[in-house]
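Quick look at target_16.cif (mmCIF, C-alpha atoms, pLDDT in the B column; chains and numbers go by the auth columns):
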```
data_query
#
loop_
_atom_site.group_PDB
_atom_site.id
_atom_site.type_symbol
_atom_site.label_atom_id
_atom_site.label_comp_id
_atom_site.label_asym_id
_atom_site.label_seq_id
_atom_site.Cartn_x
_atom_site.Cartn_y
_atom_site.Cartn_z
_atom_site.B_iso_or_equiv
_atom_site.auth_seq_id
_atom_site.auth_asym_id
ATOM 1 C CA MET A 1 88.449 -180.611 -135.836 94.00 1 S
ATOM 2 C CA LEU A 2 86.879 -182.549 -138.695 97.00 2 S
ATOM 3 C CA LYS A 3 87.722 -186.061 -139.840 97.00 3 S
ATOM 4 C CA VAL A 4 86.529 -187.865 -142.983 98.00 4 S
ATOM 5 C CA GLU A 5 86.764 -191.659 -143.278 98.00 5 S
ATOM 6 C CA ARG A 6 85.495 -194.557 -145.359 97.00 6 S
ATOM 7 C CA THR A 7 84.733 -192.668 -148.571 98.00 7 S
ATOM 8 C CA SER A 8 82.833 -194.492 -151.325 97.00 8 S
ATOM 9 C CA VAL A 9 82.015 -193.029 -154.767 97.00 9 S
ATOM 10 C CA MET A 10 79.242 -194.921 -156.520 97.00 10 S
ATOM 11 C CA ASN A 11 77.183 -195.107 -159.704 97.00 11 S
ATOM 12 C CA MET A 12 79.545 -193.207 -161.997 97.00 12 S
ATOM 13 C CA GLU A 13 79.085 -195.715 -164.822 97.00 13 S
ATOM 14 C CA ASN A 14 75.300 -195.369 -164.806 98.00 14 S
ATOM 15 C CA ALA A 15 75.522 -191.591 -164.502 98.00 15 S
ATOM 16 C CA ILE A 16 77.788 -191.306 -167.560 97.00 16 S
ATOM 17 C CA ARG A 17 75.576 -193.644 -169.577 97.00 17 S
ATOM 18 C CA GLY A 18 72.579 -191.516 -168.629 97.00 18 S
ATOM 19 C CA ALA A 19 74.415 -188.379 -169.721 97.00 19 S
ATOM 20 C CA ARG A 20 74.563 -189.887 -173.217 96.00 20 S
ATOM 21 C CA ASN A 21 70.834 -190.653 -173.377 96.00 21 S
ATOM 22 C CA PRO A 22 69.740 -187.304 -174.913 94.00 22 S
ATOM 23 C CA MET A 23 71.959 -187.818 -177.986 93.00 23 S
ATOM 24 C CA ASN A 24 71.779 -191.637 -178.134 95.00 24 S
ATOM 25 C CA SER A 25 75.585 -191.599 -178.131 96.00 25 S
ATOM 26 C CA TRP A 26 76.197 -194.739 -176.065 95.00 26 S
ATOM 27 C CA ALA A 27 78.458 -196.181 -178.781 96.00 27 S
ATOM 28 C CA ARG A 28 81.025 -193.507 -177.922 97.00 28 S
ATOM 29 C CA MET A 29 81.375 -194.711 -174.323 97.00 29 S
ATOM 30 C CA ASP A 30 85.017 -195.595 -173.655 97.00 30 S
ATOM 31 C CA SER A 31 85.236 -195.900 -169.847 98.00 31 S
ATOM 32 C CA ALA A 32 86.039 -199.087 -167.922 97.00 32 S
ATOM 33 C CA TYR A 33 86.832 -200.462 -164.471 96.00 33 S
ATOM 34 C CA ASP A 34 90.492 -200.799 -163.536 94.00 34 S
ATOM 35 C CA SER A 35 92.088 -203.622 -161.554 95.00 35 S
ATOM 36 C CA ASN A 36 91.144 -201.893 -158.279 92.00 36 S
ATOM 37 C CA GLY A 37 87.462 -201.761 -159.189 92.00 37 S
ATOM 38 C CA SER A 38 87.495 -197.998 -159.803 93.00 38 S
ATOM 39 C CA TYR A 39 85.585 -196.628 -162.785 96.00 39 S
ATOM 40 C CA VAL A 40 88.022 -194.775 -165.057 97.00 40 S
ATOM 41 C CA LEU A 41 86.592 -192.310 -167.545 98.00 41 S
ATOM 42 C CA GLY A 42 87.886 -192.644 -171.088 97.00 42 S
ATOM 43 C CA PRO A 43 88.736 -189.568 -173.204 98.00 43 S
ATOM 44 C CA ASN A 44 85.306 -189.430 -174.895 97.00 44 S
ATOM 45 C CA ASP A 45 83.336 -189.785 -171.672 98.00 45 S
ATOM 46 C CA LEU A 46 85.547 -187.367 -169.751 98.00 46 S
ATOM 47 C CA ASP A 47 85.232 -184.738 -172.482 97.00 47 S
ATOM 48 C CA LEU A 48 81.439 -185.022 -172.439 97.00 48 S
ATOM 49 C CA ALA A 49 81.288 -184.998 -168.635 98.00 49 S
ATOM 50 C CA LYS A 50 83.456 -181.865 -168.422 97.00 50 S
ATOM 51 C CA ARG A 51 81.433 -180.004 -171.035 97.00 51 S
ATOM 52 C CA LEU A 52 78.146 -180.813 -169.328 97.00 52 S
ATOM 53 C CA ALA A 53 79.470 -180.053 -165.847 97.00 53 S
ATOM 54 C CA HIS A 54 80.644 -176.598 -166.933 95.00 54 S
ATOM 55 C CA ALA A 55 77.453 -175.827 -168.894 93.00 55 S
ATOM 56 C CA GLY A 56 75.363 -175.222 -165.757 91.00 56 S
ATOM 57 C CA SER A 57 73.045 -177.106 -163.441 88.00 57 S
ATOM 58 C CA ASP A 58 70.378 -177.676 -166.119 89.00 58 S
ATOM 59 C CA HIS A 59 72.881 -179.582 -168.265 92.00 59 S
ATOM 60 C CA ARG A 60 74.755 -181.516 -165.585 96.00 60 S
ATOM 61 C CA LYS A 61 71.882 -183.546 -164.158 96.00 61 S
ATOM 62 C CA PHE A 62 74.107 -186.646 -164.388 97.00 62 S
ATOM 63 C CA LEU A 63 76.159 -185.301 -161.470 98.00 63 S
ATOM 64 C CA ARG A 64 73.147 -185.827 -159.209 97.00 64 S
ATOM 65 C CA GLN A 65 73.501 -189.538 -159.972 97.00 65 S
ATOM 66 C CA ILE A 66 77.126 -189.812 -158.815 98.00 66 S
ATOM 67 C CA PHE A 67 76.791 -190.667 -155.144 98.00 67 S
ATOM 68 C CA VAL A 68 79.310 -190.263 -152.336 98.00 68 S
ATOM 69 C CA SER A 69 79.068 -191.918 -148.932 98.00 69 S
ATOM 70 C CA VAL A 70 81.445 -190.913 -146.149 98.00 70 S
ATOM 71 C CA ASP A 71 81.788 -190.981 -142.375 97.00 71 S
ATOM 72 C CA ILE A 72 82.344 -187.464 -141.015 97.00 72 S
ATOM 73 C CA THR A 73 83.310 -186.773 -137.411 97.00 73 S
ATOM 74 C CA ALA A 74 82.859 -183.129 -136.483 97.00 74 S
ATOM 75 C CA PRO A 75 81.704 -180.914 -133.589 97.00 75 S
ATOM 76 C CA LEU A 76 78.035 -180.147 -133.110 96.00 76 S
ATOM 77 C CA TYR A 77 78.612 -176.463 -133.946 97.00 77 S
ATOM 78 C CA TRP A 78 79.783 -177.533 -137.426 97.00 78 S
ATOM 79 C CA TRP A 79 76.906 -179.976 -137.924 96.00 79 S
ATOM 80 C CA LYS A 80 74.464 -177.140 -137.297 95.00 80 S
ATOM 81 C CA GLU A 81 75.898 -175.380 -140.352 95.00 81 S
ATOM 82 C CA PHE A 82 76.070 -178.548 -142.439 95.00 82 S
ATOM 83 C CA ASP A 83 72.360 -179.120 -141.838 91.00 83 S
ATOM 84 C CA THR A 84 71.764 -176.276 -144.297 89.00 84 S
ATOM 85 C CA TYR A 85 72.387 -178.881 -147.002 87.00 85 S
ATOM 86 C CA LYS A 86 69.413 -181.124 -146.383 77.00 86 S
ATOM 87 C CA VAL A 87 68.186 -181.299 -149.998 73.00 87 S
ATOM 88 C CA GLY A 88 69.761 -184.297 -151.712 76.00 88 S
ATOM 89 C CA THR A 89 71.723 -185.406 -148.643 86.00 89 S
ATOM 90 C CA VAL A 90 71.042 -188.110 -146.052 87.00 90 S
ATOM 91 C CA ALA A 91 72.816 -188.584 -142.717 86.00 91 S
ATOM 92 C CA ASN A 92 72.634 -191.126 -139.897 82.00 92 S
ATOM 93 C CA SER A 93 74.340 -190.002 -136.687 79.00 93 S
ATOM 94 C CA THR A 94 75.596 -191.581 -133.535 77.00 94 S
ATOM 95 C CA SER A 95 73.092 -190.965 -130.750 68.00 95 S
ATOM 96 C CA THR A 96 73.646 -188.705 -127.769 74.00 96 S
ATOM 97 C CA MET A 97 70.165 -189.546 -126.456 66.00 97 S
ATOM 98 C CA HIS A 98 70.825 -193.279 -126.161 61.00 98 S
ATOM 99 C CA LYS A 99 74.611 -193.574 -125.877 79.00 99 S
ATOM 100 C CA ILE A 100 75.865 -190.442 -124.087 86.00 100 S
ATOM 101 C CA HIS A 101 76.464 -192.429 -120.891 89.00 101 S
ATOM 102 C CA VAL A 102 78.229 -195.535 -122.239 87.00 102 S
ATOM 103 C CA LYS A 103 81.834 -194.262 -122.042 93.00 103 S
ATOM 104 C CA PRO A 104 83.727 -191.835 -119.807 95.00 104 S
ATOM 105 C CA PHE A 105 83.927 -188.221 -120.957 96.00 105 S
ATOM 106 C CA GLU A 106 87.430 -187.141 -121.952 96.00 106 S
ATOM 107 C CA ARG A 107 89.100 -184.327 -123.870 97.00 107 S
ATOM 108 C CA GLY A 108 89.281 -186.399 -127.022 96.00 108 S
ATOM 109 C CA ASP A 109 85.474 -186.356 -127.264 96.00 109 S
ATOM 110 C CA PHE A 110 85.527 -182.616 -127.968 97.00 110 S
ATOM 111 C CA SER A 111 87.050 -180.355 -130.602 97.00 111 S
ATOM 112 C CA HIS A 112 89.580 -178.309 -128.649 97.00 112 S
ATOM 113 C CA ASP A 113 92.416 -177.748 -131.130 96.00 113 S
ATOM 114 C CA ARG A 114 92.002 -173.957 -131.145 96.00 114 S
ATOM 115 C CA LEU A 115 91.425 -173.350 -127.416 97.00 115 S
ATOM 116 C CA ASP A 116 93.912 -171.380 -125.336 98.00 116 S
ATOM 117 C CA GLU A 117 94.917 -172.350 -121.791 98.00 117 S
ATOM 118 C CA GLY A 118 91.870 -170.674 -120.257 98.00 118 S
ATOM 119 C CA GLY A 119 89.551 -172.380 -122.692 98.00 119 S
ATOM 120 C CA LEU A 120 91.114 -175.764 -122.007 98.00 120 S
ATOM 121 C CA ALA A 121 90.761 -175.239 -118.263 98.00 121 S
ATOM 122 C CA ALA A 122 87.063 -174.405 -118.678 98.00 122 S
ATOM 123 C CA LEU A 123 86.568 -177.459 -120.893 98.00 123 S
ATOM 124 C CA ASP A 124 88.323 -179.731 -118.411 98.00 124 S
ATOM 125 C CA ALA A 125 86.113 -178.441 -115.588 98.00 125 S
ATOM 126 C CA LEU A 126 82.987 -179.125 -117.642 98.00 126 S
ATOM 127 C CA ILE A 127 84.244 -182.595 -118.579 98.00 127 S
ATOM 128 C CA ALA A 128 84.795 -183.369 -114.892 98.00 128 S
ATOM 129 C CA TYR A 129 81.230 -182.325 -114.089 98.00 129 S
ATOM 130 C CA LEU A 130 79.748 -184.261 -117.017 97.00 130 S
ATOM 131 C CA GLU A 131 81.668 -187.336 -115.942 97.00 131 S
ATOM 132 C CA SER A 132 80.393 -187.059 -112.366 97.00 132 S
ATOM 133 C CA GLU A 133 76.809 -186.893 -113.673 97.00 133 S
ATOM 134 C CA ARG A 134 77.459 -189.802 -116.026 96.00 134 S
ATOM 135 C CA LEU A 135 78.636 -191.964 -113.142 97.00 135 S
ATOM 136 C CA LYS A 136 75.505 -191.088 -111.181 96.00 136 S
ATOM 137 C CA PHE A 137 73.328 -192.148 -114.102 95.00 137 S
ATOM 138 C CA VAL A 138 75.271 -195.358 -114.722 95.00 138 S
ATOM 139 C CA GLU A 139 74.829 -196.285 -111.063 95.00 139 S
ATOM 140 C CA ASP A 140 71.114 -195.491 -111.099 95.00 140 S
ATOM 141 C CA LYS A 141 69.342 -195.356 -114.477 91.00 141 S
ATOM 142 C CA THR A 142 66.274 -193.846 -112.796 93.00 142 S
ATOM 143 C CA ASN A 143 68.317 -190.721 -111.989 94.00 143 S
ATOM 144 C CA LYS A 144 66.825 -188.628 -114.768 95.00 144 S
ATOM 145 C CA GLN A 145 68.260 -185.427 -113.303 97.00 145 S
ATOM 146 C CA ALA A 146 71.815 -186.610 -113.937 96.00 146 S
ATOM 147 C CA TRP A 147 70.885 -187.511 -117.516 94.00 147 S
ATOM 148 C CA HIS A 148 69.292 -184.102 -118.109 96.00 148 S
ATOM 149 C CA ASN A 149 72.371 -182.410 -116.667 96.00 149 S
ATOM 150 C CA MET A 150 74.537 -184.226 -119.212 95.00 150 S
ATOM 151 C CA ILE A 151 72.270 -183.511 -122.185 94.00 151 S
ATOM 152 C CA GLN A 152 71.639 -179.844 -121.460 96.00 152 S
ATOM 153 C CA LEU A 153 75.237 -179.009 -120.575 97.00 153 S
ATOM 154 C CA LEU A 154 76.826 -180.926 -123.467 96.00 154 S
ATOM 155 C CA PRO A 155 78.829 -178.248 -125.307 96.00 155 S
ATOM 156 C CA SER A 156 78.635 -177.672 -129.054 96.00 156 S
ATOM 157 C CA SER A 157 82.283 -178.727 -129.311 97.00 157 S
ATOM 158 C CA PHE A 158 81.211 -182.342 -128.687 96.00 158 S
ATOM 159 C CA ASP A 159 82.269 -184.469 -131.676 96.00 159 S
ATOM 160 C CA GLN A 160 79.637 -186.555 -133.430 95.00 160 S
ATOM 161 C CA MET A 161 80.075 -189.021 -136.279 95.00 161 S
ATOM 162 C CA ARG A 162 77.524 -189.196 -139.084 96.00 162 S
ATOM 163 C CA THR A 163 77.433 -191.396 -142.161 97.00 163 S
ATOM 164 C CA VAL A 164 76.507 -188.977 -144.942 96.00 164 S
ATOM 165 C CA THR A 165 75.372 -189.674 -148.496 97.00 165 S
ATOM 166 C CA MET A 166 75.554 -186.855 -151.040 96.00 166 S
ATOM 167 C CA ASN A 167 75.984 -186.405 -154.779 97.00 167 S
ATOM 168 C CA TYR A 168 78.415 -184.419 -156.891 97.00 168 S
ATOM 169 C CA GLU A 169 75.915 -181.585 -157.434 96.00 169 S
ATOM 170 C CA ASN A 170 75.587 -181.187 -153.643 96.00 170 S
ATOM 171 C CA LEU A 171 79.368 -181.077 -153.419 97.00 171 S
ATOM 172 C CA ILE A 172 79.605 -178.278 -155.997 97.00 172 S
ATOM 173 C CA ASN A 173 77.247 -176.188 -153.877 95.00 173 S
ATOM 174 C CA ILE A 174 79.094 -176.978 -150.651 96.00 174 S
ATOM 175 C CA TYR A 175 82.546 -176.344 -152.126 97.00 175 S
ATOM 176 C CA TYR A 176 81.794 -172.902 -153.531 97.00 176 S
ATOM 177 C CA ALA A 177 79.718 -171.779 -150.555 95.00 177 S
ATOM 178 C CA ARG A 178 82.205 -172.849 -147.881 96.00 178 S
ATOM 179 C CA ARG A 179 85.754 -172.974 -149.241 96.00 179 S
ATOM 180 C CA THR A 180 86.604 -169.540 -147.791 96.00 180 S
ATOM 181 C CA HIS A 181 84.606 -169.955 -144.572 97.00 181 S
ATOM 182 C CA LYS A 182 86.226 -168.852 -141.321 96.00 182 S
ATOM 183 C CA LEU A 183 85.734 -172.282 -139.711 96.00 183 S
ATOM 184 C CA PRO A 184 88.761 -174.491 -140.513 97.00 184 S
ATOM 185 C CA GLU A 185 86.488 -177.553 -140.482 97.00 185 S
ATOM 186 C CA TRP A 186 85.018 -176.380 -143.788 98.00 186 S
ATOM 187 C CA HIS A 187 88.494 -176.115 -145.303 98.00 187 S
ATOM 188 C CA THR A 188 89.162 -179.726 -144.328 98.00 188 S
ATOM 189 C CA LEU A 189 85.926 -180.829 -145.961 98.00 189 S
ATOM 190 C CA CYS A 190 86.625 -178.813 -149.112 98.00 190 S
ATOM 191 C CA ASP A 191 90.099 -180.381 -149.366 98.00 191 S
ATOM 192 C CA TRP A 192 88.427 -183.792 -149.146 98.00 192 S
ATOM 193 C CA ILE A 193 85.914 -182.813 -151.837 98.00 193 S
ATOM 194 C CA MET A 194 88.753 -181.914 -154.189 98.00 194 S
ATOM 195 C CA SER A 195 90.382 -185.301 -153.552 98.00 195 S
ATOM 196 C CA LEU A 196 87.396 -187.176 -155.017 98.00 196 S
ATOM 197 C CA PRO A 197 87.604 -188.779 -158.480 98.00 197 S
ATOM 198 C CA TYR A 198 87.520 -186.155 -161.243 98.00 198 S
ATOM 199 C CA ALA A 199 86.797 -183.369 -158.737 98.00 199 S
ATOM 200 C CA LYS A 200 88.908 -180.862 -160.656 97.00 200 S
ATOM 201 C CA ASP A 201 86.898 -181.588 -163.810 97.00 201 S
ATOM 202 C CA LEU A 202 83.385 -182.138 -162.449 98.00 202 S
ATOM 203 C CA ILE A 203 83.188 -180.234 -159.133 98.00 203 S
ATOM 204 C CA ALA A 204 85.528 -177.246 -159.592 97.00 204 S
ATOM 205 C CA VAL A 205 83.272 -176.046 -162.405 94.00 205 S
ATOM 206 C CA LYS A 206 83.665 -172.324 -161.686 89.00 206 S
ATOM 207 C CA GLU A 207 87.439 -172.246 -161.962 77.00 207 S
#
```

As a first step, turn the structure in this file into structure tokens.
Amino acid sequence: MLKVERTSVMNMENAIRGARNPMNSWARMDSAYDSNGSYVLGPNDLDLAKRLAHAGSDHRKFLRQIFVSVDITAPLYWWKEFDTYKVGTVANSTSTMHKIHVKPFERGDFSHDRLDEGGLAALDALIAYLESERLKFVEDKTNKQAWHNMIQLLPSSFDQMRTVTMNYENLINIYYARRTHKLPEWHTLCDWIMSLPYAKDLIAVKE
């Protein structure tokens, strides 16, 4: 399971203006903000942006200046793969170290959408044990053994939310590296990537 929420795309105006710096062609800028506050590329700017985006990474430096911030909730096993993309990305996560004990454990805290009956039974048994250890720790915060039992037995299917900031160049790399990955979570993220403004023109550059 993967969920994306609260998407913001920022700095497109400055990025497009910067793309015109090498040729001093600012007078040809024809983009503007619409009534919703979204930056809409005009025909001249869109044509330039598409040509640069498809010309290769050396020519599309402006894409590194289009920023995207989003909240992603995904299992720890997926985050381990996402951490490959540390260059040009920043993420702040919810904390298992400080907050693992503040709410009861339940099925909804874990990605379990592809488990069979046996897998669900095993997960439920682990949840019951984690919850018993959580209650011990809540009752006595000096019970470090209960806390260690929770931390070390927490499965990689545990869902964690992170607020992630990336840029369009990062998203090109992610999209083409992961769109055919066997984990469905990557397909969900790639679908989200292609829903971003001008994704078909500026991110799907190898089509």

message = Since I can't run it myself right now, could you work out what the PyMOL selection byres ((chain S and resi 162) around 6) selects here and report it as a list in words?
response =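 Answer for the PyMOL selection byres ((chain S and resi 162) around 6): Asp71, Ile72, Ala91, Asn92, Ser93, Met161, Thr163 and Val164 of chain S.
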
ask   = Using all atoms listed in the file, which of S:Arg134, S:Arg107, S:Arg6, S:His112 sits nearest Pro75 in chain S?
value =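 Once distances to Pro75 in chain S are computed over all atoms listed in the file, the minimum belongs to S:His112.
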
Report the centre and edge lengths, in Å to one decimal, of an axis-aligned box enclosing every atom of range 121-129 of chain S listed in the file, padded by 5 Å on each side, as JSON.
```
{"center_x": 86.0, "center_y": -178.9, "center_z": -117.5, "size_x": 19.5, "size_y": 19.0, "size_z": 16.8}
```

Selection near Phe137 in chain S, 12 Å with only C-alpha atoms, sequence-local residues under 2 positions removed, as a PyMOL selection string = chain S and resi 99-104+130-135+139-151

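Residue nearest Trp79 in chain S, chosen from S:Leu202, S:Ser156, S:Lys3, S:Ala122 and counting all atoms listed in the file: S:Ser156.
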
ask   = Distance CA of Val70 in chain S-CA of Thr7 in chain S, one decimal place?
value = 4.4 Å

task = Using all atoms listed in the file, find the one residue out of S:Met1, S:Leu63, S:Trp78, S:Leu115 that sits nearest to Arg178 in chain S.
result =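 Smallest distance to Arg178 in chain S is found for S:Trp78.
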
task = Could you check how far CA of Asn21 in chain S sits from CA of Ile193 in chain S, in Å to one decimal?
result =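 Distance reported for this atom pair: 27.4 Å.
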
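Taking all atoms listed in the file into account, Leu52 in chain S lies nearest to S:Ala19 out of the set S:Ala19, S:Glu185, S:Phe110, S:Gly88.
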
request  = Kindly give the distance, in Å, that separates CA of Ala125 in chain S and CA of Gly108 in chain S, rounded to a single decimal.
outcome  = 14.3 Å

inquiry  = Quick one: residues within 10 Å of Val40 in chain S, only C-alpha atoms, excluding same-chain residues fewer than 5 positions away - as a list in words?
reply    = Met12, Glu13, Asp30, Ser31, Ala32, Tyr33, Asp34, Asp45, Leu46, Pro197 and Tyr198 of chain S

ask   = Nearest to Ser25 in chain S among S:Phe67, S:Leu48, S:Tyr77, S:Ala199, with distances taken over only C-alpha atoms: which residue is it?
value = S:Leu48

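Put simply, the PyMOL selection byres ((chain S and resi 166) around 8) on this file hits Phe67, Val68, Ser69, Gly88, Thr89, Val90, Val164, Thr165, Asn167, Tyr168, Asn170 and Leu171 of chain S.
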
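Counting all atoms listed in the file and comparing S:Trp192, S:Phe62, S:Phe158, S:Trp186, the residue that lies closest to Phe82 in chain S is S:Trp186.
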
message = Starting from the PyMOL selection byres ((chain S and resi 190) around 12), expand the selection into actual residues of this file and give them as number ranges by chain.
response = S: 2-4, 171-181, 183-189, 191-196, 199-200, 203-204
